[in-house]
Amino acid sequence: MSDLSAETITPPQRPDETTPAMAIEQILREHYGLTGHAQPIDGEPNAYVIDNGHMRYRLDIRDADSAAELALEAKILRHLARQADAPDAPEPVFTQDGLDVVTSAGENGEVARLITLHDGTRRPENHTLNAEDMADIGRLAGEMAKSLADFDEPGLERSVDTDLRHAGPVVLRLLSGVSDHAVRDPIAKVLVTALRQVQPLGPMLRIQPVQHDLTLDRMTGRLTEEGNWRAEGITDVGGVVRGWLVASLAVTCADLIARGNDDPFAILPAVRAFHDNHPLTQPELQALWPLIVARACVLAAQAEHDAIANASIEKDGSTVAASADHVGQKVFAVATGVHPALMEAAILDATDFENDTPTILAGEICRLLPEIDLDQIRLVDLGIDSPLLIDGNWTDPEIDWRLLARVSWETHMGATRYGEYRLSRSIGNDGTEADNFALHIDICVPAGSVVVAPFGGILKEVGQQLVLAGRDATLYLEGLVCPLAEGMALFAEDAIGSVAGAEGSVGGLRIRLCCSAEITPPLFTTPSRAGAWKRLCPSPSQLLGIDIDAPVPKQGEPVRGWRAHVYDGIGRASIDFSGAAGIVGHGHPALAEAAYRQWSLLSGSTVFAPEQRFRAQLLKTLPQGLDVIAAIGSERDMMELAQNLLRSDDRQPGFFDLEEGIAENPVPALRIADERQTGFGRTGHHIWQFEQDGPLPDIVVTASILPGKPLAALVTRSDLGNTLGGSITTGIDAVDYAVAVAALAALRDDDLLENARVVGGHLRAALEPITTKYGIEIHGEGLAIDLVLPESGAETMARALRKRGFVMPDIEDPRQLTLRPPLCLERGNAESFAQALSAILSENAPPEEKPNENIGVVDREGKDGSDPLSDEVTLTI
């Protein structure tokens with residue numbers, strides 16, 4: 001059941017051997033006093049699930065040499081049962097003689113062991129592990145290690161090949177038959193490098209009983225309402241011996257990499273959760289990644305070993321050539337695709353170990369620009385909420401330099417900020433992280449300014465960069481004129497060169513630091529990797545003598561909107577399907593200009609002229625006959641007012657049904673068009689849905705053109721409007737009306753009606769095959785779409801969509817998901833939504849029926865998740 005064990009480092013096993021039904025019956029009856037229904041466990045010879053209608057058990061039959069090992073496992077299981085925080089685990093069943101192991105289970109001295117099966121299911125194959133899942137798995141691994149810490153029994157000192165202390169000999173044995181040097185040598189080379197990194201840390205690594213192959217195949221759990229798979233228990237305790245504590249986590253992390261999305265940083269929630277439950281020391285955390293790499297080498301070597309062995313097996317008279325195992329290849333590729341220093345930094349950052357990088361540079365450091373008056377340096381704000389970034393100017397690829405030049409104009413000195421999440425690099429990354437965290441600074445100073453070595457080192461030239469490689473750090477500089485020869489040794493305060501540029505002009509200097517000589521740091525990194533890179537690339541503030549760091553923003557809190565997107569403080573983008581972006585979208589420059597202009601003229605309660613302009617522009621969108629705006633207020637108030645108007649009319653009341661396009665109690669009834677969800681062009685065909693669906697209504701209730709503002713209107717014929725006695729508008733000021741007028745103009749000028757038709761049609765076309773597959777109904781058109789689920793689950797789906805970067809509205813109907821993006825939604829946004837919905841539905845769909853998939857594992861109701869096997873045996877007495 002494990003990925004790698006002493007038994008699996010052999011040529012492929014012979015076909016499964018099964019014990020005759022009579023023998024199983026005899027073992028159960030004579031030694032345990034039980035009967036039941038037995039099913040062989042696929043891939044595990046002489047292992048069975050026993051179901052007697054009340055309980056479920058696992059029966060293992062092994063050779064005589066396994067008696068001591070089975071007895072030890074029984075003691076381990078009983079020890080776990082006594083630990084308050086231990087994972088759920090099976091319990092050994094005593095024989096009628098009070099023994100843990102049957103020592104006479106067969107004619108050849110076989111032994112048998114019976115254990116209970118606890119509730120829980122394996123992770124579904126189609127379920128993608130997210131950060132919460134990873135954390136749960138790490139928590140379980142930590143609980144397991146903590147529960148075994150004080151366990152002590154003879155037999156724990158035995159050697160198993162999964163113990164990473166023996167990774168070297170195991171890999172050498174596995175590769176001994178691999179003659180292809182192009183395959184063998186990279187694995188051996190990587191392993192040697194990893195073990196050299198672990199060697200000096202070895203004496204500081206704690207040794208205790210650990211399960212050396214705690215992979216997902218040995219875990220059980222349950223799917224939560226949020227769509228997560230919560231690890232809760234283990235299936236067995238095979239492979240528990242003494243070894244490095246941190247090595248057990250390394251095995252689990254390598255397994256997570258095998259099942260992940262090729263991102264090594266995805267394991268960090270598991271590392272953090274393990275550490276929270278069973279704290280690791282700094283040397284152990286430093287050894288973790290090299291041990292993960294060592295495990296990757298073992299898996300890769302096992303894959304190559306198996307490929308050669310499989311190729312020698314004849315089938316139907318021909319040789320079967322088997323490719324190397326994909327799991328081993330994947331783990332090895334991911335583990336070797338990232339620098340170990342970066343992963344060590346990421347692991348220390350995830351576990352909140354104090355960053356000792358500042359102390360590395362805390363020696364005697366000279367100012368890089370000794371001639372510059374530091375008080376004259378002005379910092380430019382390029383962050384997500386910068387007031388300098390307006391009207392979409394951040395889409396200009398040169399905007400960062402332009403703004404730096406602007407703030408530097410007066411004093412000829414300015415600088416960008418280190419550690420800033422830049423808006424200009426956060427745009428256009430739907431569903432992915434942007435490389436927007438600055439690991440460098442650009443500083444403008446007078447051309448010719450002298451630059452000196454802040455610390456001693458060797459001068460190198462790498463492309464357009466000058467590199468000063470010191471003992472504890474490496475300094476990268478661009479924009480210098482340097483007369484020195486490459487390879488020259490410099491002391492602190494030695495001149496390196498001068499800032500390039502014509503005399504009297506302003507020159508630009510780019511600066512970055514790195515504490516690892518083996519890594520050339522990037523200029524920017526993603527938010528998820530920022531913590532790790534900050535440890536490796538500290539702020540240049542200490543080289544300049546001033547604080548040049550950006551303030552730390554809040555994560556998750558929206559700070560800026562633009563069109564269909566919302567951005568939080570670190571530039572993480574979400575696409576707004578909630579309706580909060582209104583018709584025209586977030587951050588529209590015309591609306592911002594209207595608000596600014598009106599505020600500079602007049603605000604407050606004197607709103608007659610702006611209100612009249614709004615009324616006039618709103619009426620222009622409606623057909624003749626609907627010529628009176630009887631009231632303006634909240635959407636709810638306007639609908640209640642319309643219904644009151646119906647009750648006060650002498651004619652029989654009626655209600656215009658938009659979906660059916662007909663009126664209840666037809667003429668002479670009054671007809672109400674409820675346009676709160678469909679108006680202002682959302683359907684993509686007309687500004688008002690009633691123009692498409694039926695006759696002219698008597699009353700129209702609109703939505704608010706500005707979300708969150710009581711700017712809904714009740715529009716009627718003049719004879720009906722007069723009965724209301726004038727306006728009941730409250731809570732709106734001049735600025736609100738001015739912005740509303742600008743929104744109505746943008747609806748026309750930006751051709752949003754046509755965009756709603758085209759993009760809405762594309763969204764529906766992308767959703768239809770998905771919704772058809774899962775029995776979901778689509779109602780509406782354009783960008784006013786409702787998804788009606790076959791059963792409740794809309795809240796769960798909305799939560800999953802929010803995690804994938806979509807702003808969703810609050811769920812009112814447990815079966816309905818309402819989609820109300822702004823009419824400026826782009827085609828790519830629609831495709832991203834459809835892809836996310838498809839992935840969510842796929843992950844939460846029941847797995848296809850596969851025999852033996854969950855054999856030996858019981859769900860929360862105590863039922864087996866797999867189909868019955870054809871070779872099952874029913875035992876009777």
# chains A, B, ... in the order shown; residues from 1 in each chain; ligands from 1
>>> residues_around(residues="stretch 243-253 of chain A", least_positions_apart="3", cutoff="7 Å", atoms="only C-alpha atoms", output="PyMOL selection string")
chain A and resi 141+163-164+205-215+256-257+267+284+288+291-292+295
>>> select_by_dssp(residues="stretch 243-431 of chain A", states="helix (DSSP H, G or I)", output="VMD selection string")
chain A and resid 245 to 258 264 to 277 282 to 311 326 to 335 340 to 350 357 to 360 374 to 376 393 to 395 399 to 407 423 to 425
>>> closest_atom_pairs(of="stretch 423-454 of chain A", to="stretch 493-502 of chain A", cutoff="10 Å", atoms="only C-alpha atoms", output="JSON lines")
{"residue": "A:Cys444", "atom": "CA", "partner": "A:Val499", "partner_atom": "CA", "distance": 9.3}
{"residue": "A:Val445", "atom": "CA", "partner": "A:Val499", "partner_atom": "CA", "distance": 7.8}
{"residue": "A:Pro446", "atom": "CA", "partner": "A:Val499", "partner_atom": "CA", "distance": 7.5}
{"residue": "A:Ala447", "atom": "CA", "partner": "A:Gly501", "partner_atom": "CA", "distance": 4.9}
{"residue": "A:Gly448", "atom": "CA", "partner": "A:Val499", "partner_atom": "CA", "distance": 4.9}
{"residue": "A:Ser449", "atom": "CA", "partner": "A:Ser498", "partner_atom": "CA", "distance": 5.3}
{"residue": "A:Val450", "atom": "CA", "partner": "A:Ser498", "partner_atom": "CA", "distance": 4.5}
{"residue": "A:Val451", "atom": "CA", "partner": "A:Ser498", "partner_atom": "CA", "distance": 5.4}
{"residue": "A:Val452", "atom": "CA", "partner": "A:Ala495", "partner_atom": "CA", "distance": 4.1}
{"residue": "A:Ala453", "atom": "CA", "partner": "A:Glu493", "partner_atom": "CA", "distance": 5.2}
{"residue": "A:Pro454", "atom": "CA", "partner": "A:Glu493", "partner_atom": "CA", "distance": 6.1}
>>> write_last_selection(atoms="N, CA, C and O atoms", output="compact mmCIF listing (two decimals), in the first residue's frame")
# COMPACT_ATOMS: atom_id res chain seq x y z
N CYS A 444 17.16 57.17 -9.24
CA CYS A 444 17.61 58.25 -10.12
C CYS A 444 18.48 59.22 -9.32
O CYS A 444 18.04 59.74 -8.28
N VAL A 445 19.69 59.44 -9.79
CA VAL A 445 20.62 60.38 -9.17
C VAL A 445 21.37 61.11 -10.29
O VAL A 445 21.36 60.67 -11.44
N PRO A 446 22.02 62.21 -9.98
CA PRO A 446 22.78 62.92 -11.01
C PRO A 446 23.82 62.02 -11.67
O PRO A 446 24.52 61.26 -10.99
N ALA A 447 23.87 62.08 -13.00
CA ALA A 447 24.88 61.31 -13.72
C ALA A 447 26.27 61.67 -13.23
O ALA A 447 26.56 62.84 -12.93
N GLY A 448 27.13 60.68 -13.14
CA GLY A 448 28.49 60.90 -12.65
C GLY A 448 28.66 60.69 -11.18
O GLY A 448 29.79 60.75 -10.66
N SER A 449 27.56 60.47 -10.43
CA SER A 449 27.66 60.23 -8.99
C SER A 449 28.53 59.00 -8.73
O SER A 449 28.38 57.96 -9.39
N VAL A 450 29.42 59.11 -7.77
CA VAL A 450 30.35 58.03 -7.47
C VAL A 450 29.64 56.89 -6.74
O VAL A 450 28.82 57.13 -5.84
N VAL A 451 29.97 55.66 -7.14
CA VAL A 451 29.44 54.46 -6.49
C VAL A 451 30.62 53.69 -5.92
O VAL A 451 31.60 53.42 -6.62
N VAL A 452 30.55 53.36 -4.61
CA VAL A 452 31.65 52.66 -3.95
C VAL A 452 31.19 51.28 -3.49
O VAL A 452 30.00 51.00 -3.39
N ALA A 453 32.16 50.43 -3.23
CA ALA A 453 31.87 49.09 -2.74
C ALA A 453 31.39 49.18 -1.29
O ALA A 453 32.13 49.69 -0.44
N PRO A 454 30.20 48.70 -0.98
CA PRO A 454 29.73 48.76 0.41
C PRO A 454 30.40 47.71 1.29
O PRO A 454 30.39 47.84 2.51
>>> closest_residue(among="A:Pro710, A:Leu348, A:Ala642, A:His685", to="A:Arg671", atoms="only C-alpha atoms")
A:Ala642
>>> closest_residue(among="A:Asp750, A:Asp150, A:Asp472, A:Leu59", to="A:Glu25", atoms="only C-alpha atoms")
A:Leu59
>>> closest_residue(among="A:Arg62, A:Lys189, A:Arg717, A:Arg123", to="A:Thr103", atoms="only C-alpha atoms")
A:Arg62
>>> decode(residues="stretch 766-783 of chain A", atoms="C-alpha atoms", output="PDB file, in the first residue's frame")
ATOM      1  CA  ALA A 766     -18.881  27.773 -22.932  1.00  0.00           C
ATOM      2  CA  LEU A 767     -21.183  26.818 -20.064  1.00  0.00           C
ATOM      3  CA  GLU A 768     -23.718  24.718 -21.974  1.00  0.00           C
ATOM      4  CA  PRO A 769     -21.658  21.505 -22.398  1.00  0.00           C
ATOM      5  CA  ILE A 770     -20.637  21.718 -18.747  1.00  0.00           C
ATOM      6  CA  THR A 771     -24.127  22.329 -17.408  1.00  0.00           C
ATOM      7  CA  THR A 772     -25.621  19.647 -19.645  1.00  0.00           C
ATOM      8  CA  LYS A 773     -23.128  17.096 -18.333  1.00  0.00           C
ATOM      9  CA  TYR A 774     -24.009  17.831 -14.702  1.00  0.00           C
ATOM     10  CA  GLY A 775     -27.741  18.443 -15.050  1.00  0.00           C
ATOM     11  CA  ILE A 776     -27.604  22.207 -14.425  1.00  0.00           C
ATOM     12  CA  GLU A 777     -30.151  24.532 -16.021  1.00  0.00           C
ATOM     13  CA  ILE A 778     -29.140  27.874 -17.551  1.00  0.00           C
ATOM     14  CA  HIS A 779     -31.670  30.697 -17.286  1.00  0.00           C
ATOM     15  CA  GLY A 780     -31.325  34.155 -18.829  1.00  0.00           C
ATOM     16  CA  GLU A 781     -29.125  35.541 -21.553  1.00  0.00           C
ATOM     17  CA  GLY A 782     -26.398  38.064 -22.173  1.00  0.00           C
ATOM     18  CA  LEU A 783     -24.657  38.849 -18.900  1.00  0.00           C
TER      19      LEU A 783
END
